[in-house]
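A.B. asks: Compact mmCIF, N, CA, C and O atoms, file run-v1.txt:
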# COMPACT_ATOMS: atom_id res chain seq x y z
N MET A 1339 -6.73 -1.61 6.18
CA MET A 1339 -7.91 -2.37 6.54
C MET A 1339 -9.18 -1.58 6.18
O MET A 1339 -9.14 -0.38 5.98
N LEU A 1340 -10.27 -2.28 6.17
CA LEU A 1340 -11.54 -1.68 5.80
C LEU A 1340 -11.93 -0.55 6.76
O LEU A 1340 -12.47 0.47 6.34
N GLY A 1341 -11.63 -0.72 8.04
CA GLY A 1341 -11.98 0.31 9.02
C GLY A 1341 -11.32 1.64 8.72
O GLY A 1341 -11.96 2.70 8.83
N ASP A 1342 -10.05 1.61 8.32
CA ASP A 1342 -9.34 2.84 7.97
C ASP A 1342 -9.97 3.50 6.75
O ASP A 1342 -10.13 4.73 6.72
N GLU A 1343 -10.31 2.69 5.76
CA GLU A 1343 -10.94 3.22 4.55
C GLU A 1343 -12.30 3.84 4.86
O GLU A 1343 -12.66 4.89 4.32
N LEU A 1344 -13.06 3.18 5.73
CA LEU A 1344 -14.37 3.70 6.12
C LEU A 1344 -14.22 5.05 6.81
O LEU A 1344 -14.92 6.00 6.49
N ARG A 1345 -13.30 5.12 7.76
CA ARG A 1345 -13.09 6.37 8.49
C ARG A 1345 -12.66 7.49 7.55
O ARG A 1345 -13.18 8.61 7.62
N LYS A 1346 -11.72 7.20 6.64
CA LYS A 1346 -11.26 8.21 5.69
C LYS A 1346 -12.40 8.69 4.79
O LYS A 1346 -12.54 9.89 4.54
N ALA A 1347 -13.22 7.76 4.31
CA ALA A 1347 -14.34 8.13 3.44
C ALA A 1347 -15.36 8.97 4.20
O ALA A 1347 -15.90 9.94 3.67
N ARG A 1348 -15.61 8.60 5.46
CA ARG A 1348 -16.57 9.35 6.28
C ARG A 1348 -16.07 10.76 6.52
O ARG A 1348 -16.80 11.74 6.38
N GLN A 1349 -14.79 10.88 6.87
CA GLN A 1349 -14.21 12.20 7.12
C GLN A 1349 -14.17 13.04 5.85
O GLN A 1349 -14.45 14.24 5.90
N LYS A 1350 -13.84 12.41 4.72
CA LYS A 1350 -13.81 13.13 3.45
C LYS A 1350 -15.20 13.65 3.10
O LYS A 1350 -15.34 14.75 2.54
N ALA A 1351 -16.24 12.89 3.46
CA ALA A 1351 -17.61 13.31 3.20
C ALA A 1351 -18.09 14.35 4.21
O ALA A 1351 -19.18 14.90 4.07
N GLY A 1352 -17.27 14.61 5.22
CA GLY A 1352 -17.62 15.61 6.23
C GLY A 1352 -18.73 15.15 7.16
O GLY A 1352 -19.48 15.97 7.68
N LEU A 1353 -18.79 13.83 7.40
CA LEU A 1353 -19.85 13.29 8.24
C LEU A 1353 -19.30 12.81 9.58
O LEU A 1353 -18.19 12.26 9.65
N SER A 1354 -20.08 13.00 10.61
CA SER A 1354 -19.77 12.39 11.90
C SER A 1354 -20.24 10.95 11.87
O SER A 1354 -21.00 10.55 10.97
N GLN A 1355 -19.82 10.16 12.83
CA GLN A 1355 -20.33 8.80 12.92
C GLN A 1355 -21.85 8.81 13.10
O GLN A 1355 -22.55 7.97 12.54
N GLU A 1356 -22.34 9.75 13.85
CA GLU A 1356 -23.78 9.87 14.09
C GLU A 1356 -24.53 10.15 12.79
O GLU A 1356 -25.56 9.53 12.51
N GLU A 1357 -24.01 11.08 11.99
CA GLU A 1357 -24.66 11.41 10.72
C GLU A 1357 -24.63 10.22 9.76
O GLU A 1357 -25.62 9.92 9.09
N LEU A 1358 -23.49 9.52 9.70
CA LEU A 1358 -23.39 8.35 8.84
C LEU A 1358 -24.34 7.26 9.30
O LEU A 1358 -25.01 6.62 8.48
N SER A 1359 -24.43 7.06 10.60
CA SER A 1359 -25.32 6.02 11.11
C SER A 1359 -26.77 6.32 10.75
O SER A 1359 -27.53 5.42 10.39
N PHE A 1360 -27.16 7.58 10.81
CA PHE A 1360 -28.52 7.97 10.44
C PHE A 1360 -28.78 7.71 8.96
O PHE A 1360 -29.79 7.12 8.59
N ARG A 1361 -27.84 8.13 8.12
CA ARG A 1361 -28.01 7.95 6.67
C ARG A 1361 -28.04 6.49 6.24
O ARG A 1361 -28.76 6.11 5.34
N ALA A 1362 -27.20 5.68 6.89
CA ALA A 1362 -27.08 4.27 6.51
C ALA A 1362 -28.04 3.37 7.30
O ALA A 1362 -28.10 2.18 7.04
N LYS A 1363 -28.73 3.98 8.28
CA LYS A 1363 -29.65 3.21 9.14
C LYS A 1363 -28.90 2.08 9.87
O LYS A 1363 -29.32 0.93 9.88
N ILE A 1364 -27.76 2.47 10.45
CA ILE A 1364 -26.90 1.55 11.20
C ILE A 1364 -26.59 2.22 12.54
O ILE A 1364 -26.37 3.43 12.60
N ASP A 1365 -26.54 1.45 13.60
CA ASP A 1365 -26.24 2.00 14.92
C ASP A 1365 -24.84 2.62 14.93
O ASP A 1365 -23.90 2.07 14.36
N ARG A 1366 -24.70 3.76 15.58
CA ARG A 1366 -23.42 4.46 15.63
C ARG A 1366 -22.33 3.61 16.27
O ARG A 1366 -21.17 3.63 15.84
N THR A 1367 -22.67 2.85 17.30
CA THR A 1367 -21.65 2.03 17.95
C THR A 1367 -21.13 0.94 17.00
O THR A 1367 -19.97 0.55 17.10
N TYR A 1368 -21.97 0.48 16.08
CA TYR A 1368 -21.54 -0.51 15.10
C TYR A 1368 -20.54 0.13 14.13
O TYR A 1368 -19.55 -0.50 13.76
N ILE A 1369 -20.79 1.38 13.75
CA ILE A 1369 -19.85 2.09 12.88
C ILE A 1369 -18.50 2.25 13.59
O ILE A 1369 -17.45 2.06 12.97
N THR A 1370 -18.53 2.55 14.87
CA THR A 1370 -17.29 2.65 15.65
C THR A 1370 -16.54 1.32 15.60
O THR A 1370 -15.32 1.29 15.38
N MET A 1371 -17.26 0.21 15.80
CA MET A 1371 -16.62 -1.10 15.76
C MET A 1371 -16.05 -1.41 14.38
O MET A 1371 -14.97 -1.99 14.26
N LEU A 1372 -16.77 -1.00 13.33
CA LEU A 1372 -16.27 -1.21 11.97
C LEU A 1372 -15.00 -0.41 11.73
O LEU A 1372 -14.02 -0.92 11.18
N GLU A 1373 -14.99 0.85 12.17
CA GLU A 1373 -13.83 1.71 11.96
C GLU A 1373 -12.60 1.22 12.73
O GLU A 1373 -11.47 1.48 12.33
N HIS A 1374 -12.83 0.51 13.83
CA HIS A 1374 -11.72 -0.02 14.62
C HIS A 1374 -11.44 -1.49 14.29
O HIS A 1374 -10.69 -2.16 15.02
N ASP A 1375 -12.04 -1.96 13.20
CA ASP A 1375 -11.84 -3.35 12.73
C ASP A 1375 -12.19 -4.38 13.80
O ASP A 1375 -11.59 -5.45 13.86
N LYS A 1376 -13.18 -4.06 14.63
CA LYS A 1376 -13.66 -5.01 15.64
C LYS A 1376 -14.78 -5.88 15.08
O LYS A 1376 -15.07 -6.93 15.63
N LYS A 1377 -15.40 -5.42 14.02
CA LYS A 1377 -16.48 -6.15 13.33
C LYS A 1377 -16.24 -6.05 11.84
O LYS A 1377 -15.58 -5.14 11.36
N SER A 1378 -16.82 -6.99 11.12
CA SER A 1378 -16.79 -6.97 9.65
C SER A 1378 -18.22 -6.77 9.17
O SER A 1378 -19.13 -7.43 9.67
N PRO A 1379 -18.42 -5.88 8.19
CA PRO A 1379 -19.79 -5.62 7.73
C PRO A 1379 -20.31 -6.74 6.83
O PRO A 1379 -19.54 -7.38 6.12
N THR A 1380 -21.60 -6.95 6.89
CA THR A 1380 -22.24 -7.82 5.90
C THR A 1380 -22.26 -7.06 4.59
O THR A 1380 -22.02 -5.84 4.56
N LEU A 1381 -22.54 -7.73 3.50
CA LEU A 1381 -22.64 -7.04 2.21
C LEU A 1381 -23.73 -5.99 2.24
O LEU A 1381 -23.57 -4.90 1.70
N ASP A 1382 -24.85 -6.30 2.89
CA ASP A 1382 -25.94 -5.33 2.99
C ASP A 1382 -25.47 -4.05 3.68
O ASP A 1382 -25.70 -2.95 3.19
N VAL A 1383 -24.78 -4.20 4.79
CA VAL A 1383 -24.26 -3.04 5.53
C VAL A 1383 -23.23 -2.30 4.70
O VAL A 1383 -23.23 -1.07 4.63
N LEU A 1384 -22.35 -3.04 4.04
CA LEU A 1384 -21.33 -2.41 3.20
C LEU A 1384 -21.97 -1.55 2.11
O LEU A 1384 -21.57 -0.40 1.90
N PHE A 1385 -22.98 -2.08 1.45
CA PHE A 1385 -23.65 -1.32 0.39
C PHE A 1385 -24.40 -0.11 0.95
O PHE A 1385 -24.41 0.96 0.33
N ARG A 1386 -25.00 -0.25 2.13
CA ARG A 1386 -25.69 0.90 2.74
C ARG A 1386 -24.69 1.99 3.11
O ARG A 1386 -24.96 3.18 2.93
N LEU A 1387 -23.52 1.59 3.62
CA LEU A 1387 -22.48 2.57 3.95
C LEU A 1387 -21.99 3.27 2.69
O LEU A 1387 -21.84 4.49 2.68
N CYS A 1388 -21.75 2.50 1.63
CA CYS A 1388 -21.30 3.09 0.37
C CYS A 1388 -22.32 4.07 -0.17
O CYS A 1388 -21.97 5.17 -0.61
N ASP A 1389 -23.59 3.69 -0.13
CA ASP A 1389 -24.66 4.60 -0.59
C ASP A 1389 -24.68 5.88 0.24
O ASP A 1389 -24.79 6.98 -0.30
N ALA A 1390 -24.58 5.74 1.55
CA ALA A 1390 -24.63 6.90 2.45
C ALA A 1390 -23.44 7.82 2.24
O ALA A 1390 -23.55 9.03 2.40
N LEU A 1391 -22.30 7.24 1.86
CA LEU A 1391 -21.08 8.03 1.65
C LEU A 1391 -20.92 8.51 0.21
O LEU A 1391 -20.05 9.31 -0.08
N GLY A 1392 -21.76 7.98 -0.69
CA GLY A 1392 -21.63 8.34 -2.10
C GLY A 1392 -20.38 7.75 -2.72
O GLY A 1392 -19.78 8.34 -3.62
N VAL A 1393 -19.97 6.58 -2.23
CA VAL A 1393 -18.76 5.90 -2.70
C VAL A 1393 -19.17 4.62 -3.41
O VAL A 1393 -19.93 3.83 -2.86
N PRO A 1394 -18.65 4.37 -4.61
CA PRO A 1394 -18.96 3.10 -5.28
C PRO A 1394 -18.40 1.92 -4.48
O PRO A 1394 -17.29 2.01 -3.94
N ALA A 1395 -19.14 0.83 -4.39
CA ALA A 1395 -18.68 -0.34 -3.65
C ALA A 1395 -17.38 -0.88 -4.21
O ALA A 1395 -16.57 -1.45 -3.48
N SER A 1396 -17.13 -0.66 -5.49
CA SER A 1396 -15.90 -1.16 -6.09
C SER A 1396 -14.66 -0.50 -5.48
O SER A 1396 -13.58 -1.06 -5.54
N ARG A 1397 -14.83 0.66 -4.86
CA ARG A 1397 -13.69 1.35 -4.23
C ARG A 1397 -13.29 0.73 -2.90
O ARG A 1397 -12.27 1.08 -2.34
N THR A 1398 -14.07 -0.22 -2.40
CA THR A 1398 -13.74 -0.84 -1.12
C THR A 1398 -12.62 -1.84 -1.25
O THR A 1398 -12.04 -2.25 -0.27
N GLY A 1399 -12.33 -2.26 -2.50
CA GLY A 1399 -11.28 -3.25 -2.69
C GLY A 1399 -11.77 -4.67 -2.55
O GLY A 1399 -11.03 -5.62 -2.78
N LEU A 1400 -13.02 -4.85 -2.18
CA LEU A 1400 -13.54 -6.19 -1.98
C LEU A 1400 -13.93 -6.88 -3.29
O LEU A 1400 -14.15 -8.07 -3.30
N THR A 1401 -13.97 -6.12 -4.37
CA THR A 1401 -14.35 -6.72 -5.64
C THR A 1401 -13.13 -7.26 -6.39
O THR A 1401 -13.28 -7.88 -7.42
N HIS A 1402 -11.93 -7.02 -5.88
CA HIS A 1402 -10.71 -7.51 -6.53
C HIS A 1402 -10.25 -8.78 -5.85
O HIS A 1402 -10.23 -8.86 -4.62
N HIS A 1403 -9.86 -9.78 -6.64
CA HIS A 1403 -9.41 -11.05 -6.05
C HIS A 1403 -7.93 -11.20 -6.23
O HIS A 1403 -7.30 -10.86 -7.12
As structure tokens, what does this structure read like?

C.D. replies:
Amino acid sequence: MLGDELRKARQKAGLSQEELSFRAKIDRTYITMLEHDKKSPTLDVLFRLCDALGVPASRTGLTHH
């Protein structure tokens, strides 16, 4: 799921949820919900997370049908 991928990418980048939330300008509790698959990100949020993590959006798997 997307939450697992987000958590792995965040950990690989060596970022805490707090640091990622600051970089992506997203509330930390929202990142927690995303990582636990309790919420789904909008495209805007997804792109901000990818930018903050230095990960191309194409790596999210959402561009493949």

A.B. asks: Mind checking which residues fall within 6 Å of stretch 1366-1373 of chain A, counting only C-alpha atoms, ignoring those fewer than 2 positions away in the same chain, and posting them as a PyMOL selection string?

C.D. replies: chain A and resi 1341+1345+1355-1356+1359+1375-1377

A.B. asks: Nearest residue to A:Ala1390 out of A:Arg1361, A:Ser1378, A:Lys1346, A:Ser1354, using only N, CA, C and O atoms?

C.D. replies: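 So, comparing all the options, the nearest one is A:Arg1361.
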
A.B. asks: To one decimal place in Å, what is the distance between atom CA of A:Leu1381 and atom C of A:Arg1348?

C.D. replies: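 These atoms are spaced 19.5 Å apart.
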
A.B. asks: I'd like the interatomic distance between atom CA of A:Asp1382 and atom O of A:Lys1350, to a tenth of an Å.

C.D. replies: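 Spanning atom CA of A:Asp1382 to atom O of A:Lys1350 is a straight-line distance of 22.7 Å.
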
A.B. asks: Could you check how far atom N of A:Ser1396 sits from atom CA of A:Asp1365, in Å to one decimal?

C.D. replies: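 Straight-line distance from atom N of A:Ser1396 to atom CA of A:Asp1365 works out to 22.5 Å.
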
A.B. asks: Rank A:Ala1347, A:Glu1357, A:Asp1342, A:His1374 by their smallest atom-to-atom distance to A:Gly1392, using all atoms listed in the file, and report the top residue only.

C.D. replies: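 Ranking A:Ala1347, A:Glu1357, A:Asp1342, A:His1374 by distance to A:Gly1392, first place goes to A:Ala1347.
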
A.B. asks: Report the residues of chain A whose backbone DSSP state falls under helix (DSSP H, G or I), written as a PyMOL selection string.

C.D. replies: chain A and resi 1340-1350+1355-1362+1366-1373+1381-1391+1395-1398

A.B. asks: Set the distance at 10 Å and use only C-alpha atoms: which residues neighbour A:Asp1389 once local chain neighbours fewer than 5 positions away are removed? I'd like the list as a ChimeraX atom specification.

C.D. replies: /A:1361-1362,1383-1384,1394-1395

A.B. asks: Mind rebuilding stretch 1370-1381 of chain A with all heavy atoms and writing that out as a PDB file, in the coordinates of the input?

C.D. replies:
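What ended up in part-v5.pdb:
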ATOM      1  N   THR A1370     -18.530   2.550  14.870  1.00  0.00           N
ATOM      2  CA  THR A1370     -17.290   2.650  15.650  1.00  0.00           C
ATOM      3  C   THR A1370     -16.540   1.320  15.600  1.00  0.00           C
ATOM      4  O   THR A1370     -15.320   1.290  15.380  1.00  0.00           O
ATOM      5  CB  THR A1370     -17.596   3.027  17.115  1.00  0.00           C
ATOM      6  OG1 THR A1370     -18.235   4.302  17.143  1.00  0.00           O
ATOM      7  CG2 THR A1370     -16.328   3.082  17.950  1.00  0.00           C
ATOM      8  N   MET A1371     -17.260   0.210  15.800  1.00  0.00           N
ATOM      9  CA  MET A1371     -16.620  -1.100  15.760  1.00  0.00           C
ATOM     10  C   MET A1371     -16.050  -1.410  14.380  1.00  0.00           C
ATOM     11  O   MET A1371     -14.970  -1.990  14.260  1.00  0.00           O
ATOM     12  CB  MET A1371     -17.596  -2.182  16.204  1.00  0.00           C
ATOM     13  CG  MET A1371     -17.901  -2.131  17.691  1.00  0.00           C
ATOM     14  SD  MET A1371     -18.876  -3.533  18.268  1.00  0.00           S
ATOM     15  CE  MET A1371     -20.512  -2.994  17.800  1.00  0.00           C
ATOM     16  N   LEU A1372     -16.770  -1.000  13.330  1.00  0.00           N
ATOM     17  CA  LEU A1372     -16.270  -1.210  11.970  1.00  0.00           C
ATOM     18  C   LEU A1372     -15.000  -0.410  11.730  1.00  0.00           C
ATOM     19  O   LEU A1372     -14.020  -0.920  11.180  1.00  0.00           O
ATOM     20  CB  LEU A1372     -17.331  -0.810  10.938  1.00  0.00           C
ATOM     21  CG  LEU A1372     -18.579  -1.684  10.858  1.00  0.00           C
ATOM     22  CD1 LEU A1372     -19.601  -1.034   9.924  1.00  0.00           C
ATOM     23  CD2 LEU A1372     -18.232  -3.087  10.383  1.00  0.00           C
ATOM     24  N   GLU A1373     -14.990   0.850  12.170  1.00  0.00           N
ATOM     25  CA  GLU A1373     -13.830   1.710  11.960  1.00  0.00           C
ATOM     26  C   GLU A1373     -12.600   1.220  12.730  1.00  0.00           C
ATOM     27  O   GLU A1373     -11.470   1.480  12.330  1.00  0.00           O
ATOM     28  CB  GLU A1373     -14.145   3.156  12.328  1.00  0.00           C
ATOM     29  CG  GLU A1373     -15.058   3.835  11.334  1.00  0.00           C
ATOM     30  CD  GLU A1373     -15.225   5.317  11.580  1.00  0.00           C
ATOM     31  OE1 GLU A1373     -14.678   5.852  12.575  1.00  0.00           O
ATOM     32  OE2 GLU A1373     -15.914   5.958  10.763  1.00  0.00           O
ATOM     33  N   HIS A1374     -12.830   0.510  13.830  1.00  0.00           N
ATOM     34  CA  HIS A1374     -11.720  -0.020  14.620  1.00  0.00           C
ATOM     35  C   HIS A1374     -11.440  -1.490  14.290  1.00  0.00           C
ATOM     36  O   HIS A1374     -10.690  -2.160  15.020  1.00  0.00           O
ATOM     37  CB  HIS A1374     -12.019   0.143  16.114  1.00  0.00           C
ATOM     38  CG  HIS A1374     -11.930   1.562  16.568  1.00  0.00           C
ATOM     39  ND1 HIS A1374     -13.022   2.400  16.623  1.00  0.00           N
ATOM     40  CD2 HIS A1374     -10.866   2.310  16.945  1.00  0.00           C
ATOM     41  CE1 HIS A1374     -12.638   3.585  17.032  1.00  0.00           C
ATOM     42  NE2 HIS A1374     -11.341   3.568  17.228  1.00  0.00           N
ATOM     43  N   ASP A1375     -12.040  -1.960  13.200  1.00  0.00           N
ATOM     44  CA  ASP A1375     -11.840  -3.350  12.730  1.00  0.00           C
ATOM     45  C   ASP A1375     -12.190  -4.380  13.800  1.00  0.00           C
ATOM     46  O   ASP A1375     -11.590  -5.450  13.860  1.00  0.00           O
ATOM     47  CB  ASP A1375     -10.416  -3.561  12.221  1.00  0.00           C
ATOM     48  CG  ASP A1375     -10.145  -2.771  10.952  1.00  0.00           C
ATOM     49  OD1 ASP A1375     -10.998  -2.793  10.040  1.00  0.00           O
ATOM     50  OD2 ASP A1375      -9.089  -2.121  10.868  1.00  0.00           O
ATOM     51  N   LYS A1376     -13.180  -4.060  14.630  1.00  0.00           N
ATOM     52  CA  LYS A1376     -13.660  -5.010  15.640  1.00  0.00           C
ATOM     53  C   LYS A1376     -14.780  -5.880  15.080  1.00  0.00           C
ATOM     54  O   LYS A1376     -15.070  -6.930  15.630  1.00  0.00           O
ATOM     55  CB  LYS A1376     -14.178  -4.267  16.883  1.00  0.00           C
ATOM     56  CG  LYS A1376     -13.177  -3.366  17.544  1.00  0.00           C
ATOM     57  CD  LYS A1376     -12.141  -4.139  18.299  1.00  0.00           C
ATOM     58  CE  LYS A1376     -11.227  -3.175  19.048  1.00  0.00           C
ATOM     59  NZ  LYS A1376     -10.023  -3.807  19.497  1.00  0.00           N
ATOM     60  N   LYS A1377     -15.400  -5.420  14.020  1.00  0.00           N
ATOM     61  CA  LYS A1377     -16.480  -6.150  13.330  1.00  0.00           C
ATOM     62  C   LYS A1377     -16.240  -6.050  11.840  1.00  0.00           C
ATOM     63  O   LYS A1377     -15.580  -5.140  11.360  1.00  0.00           O
ATOM     64  CB  LYS A1377     -17.853  -5.528  13.640  1.00  0.00           C
ATOM     65  CG  LYS A1377     -18.309  -5.644  15.059  1.00  0.00           C
ATOM     66  CD  LYS A1377     -18.874  -7.005  15.319  1.00  0.00           C
ATOM     67  CE  LYS A1377     -19.476  -7.072  16.711  1.00  0.00           C
ATOM     68  NZ  LYS A1377     -20.018  -8.374  17.002  1.00  0.00           N
ATOM     69  N   SER A1378     -16.820  -6.990  11.120  1.00  0.00           N
ATOM     70  CA  SER A1378     -16.790  -6.970   9.650  1.00  0.00           C
ATOM     71  C   SER A1378     -18.220  -6.770   9.170  1.00  0.00           C
ATOM     72  O   SER A1378     -19.130  -7.430   9.670  1.00  0.00           O
ATOM     73  CB  SER A1378     -16.234  -8.280   9.103  1.00  0.00           C
ATOM     74  OG  SER A1378     -14.901  -8.447   9.485  1.00  0.00           O
ATOM     75  N   PRO A1379     -18.420  -5.880   8.190  1.00  0.00           N
ATOM     76  CA  PRO A1379     -19.790  -5.620   7.730  1.00  0.00           C
ATOM     77  C   PRO A1379     -20.310  -6.740   6.830  1.00  0.00           C
ATOM     78  O   PRO A1379     -19.540  -7.380   6.120  1.00  0.00           O
ATOM     79  CB  PRO A1379     -19.652  -4.322   6.942  1.00  0.00           C
ATOM     80  CG  PRO A1379     -18.252  -4.382   6.408  1.00  0.00           C
ATOM     81  CD  PRO A1379     -17.445  -5.052   7.489  1.00  0.00           C
ATOM     82  N   THR A1380     -21.600  -6.950   6.890  1.00  0.00           N
ATOM     83  CA  THR A1380     -22.240  -7.820   5.900  1.00  0.00           C
ATOM     84  C   THR A1380     -22.260  -7.060   4.590  1.00  0.00           C
ATOM     85  O   THR A1380     -22.020  -5.840   4.560  1.00  0.00           O
ATOM     86  CB  THR A1380     -23.678  -8.160   6.310  1.00  0.00           C
ATOM     87  OG1 THR A1380     -24.440  -6.940   6.343  1.00  0.00           O
ATOM     88  CG2 THR A1380     -23.739  -8.862   7.659  1.00  0.00           C
ATOM     89  N   LEU A1381     -22.540  -7.730   3.500  1.00  0.00           N
ATOM     90  CA  LEU A1381     -22.640  -7.040   2.210  1.00  0.00           C
ATOM     91  C   LEU A1381     -23.730  -5.990   2.240  1.00  0.00           C
ATOM     92  O   LEU A1381     -23.570  -4.900   1.700  1.00  0.00           O
ATOM     93  CB  LEU A1381     -22.885  -8.036   1.081  1.00  0.00           C
ATOM     94  CG  LEU A1381     -21.672  -8.841   0.648  1.00  0.00           C
ATOM     95  CD1 LEU A1381     -22.052  -9.839  -0.433  1.00  0.00           C
ATOM     96  CD2 LEU A1381     -20.563  -7.938   0.150  1.00  0.00           C
TER      97      LEU A1381
END
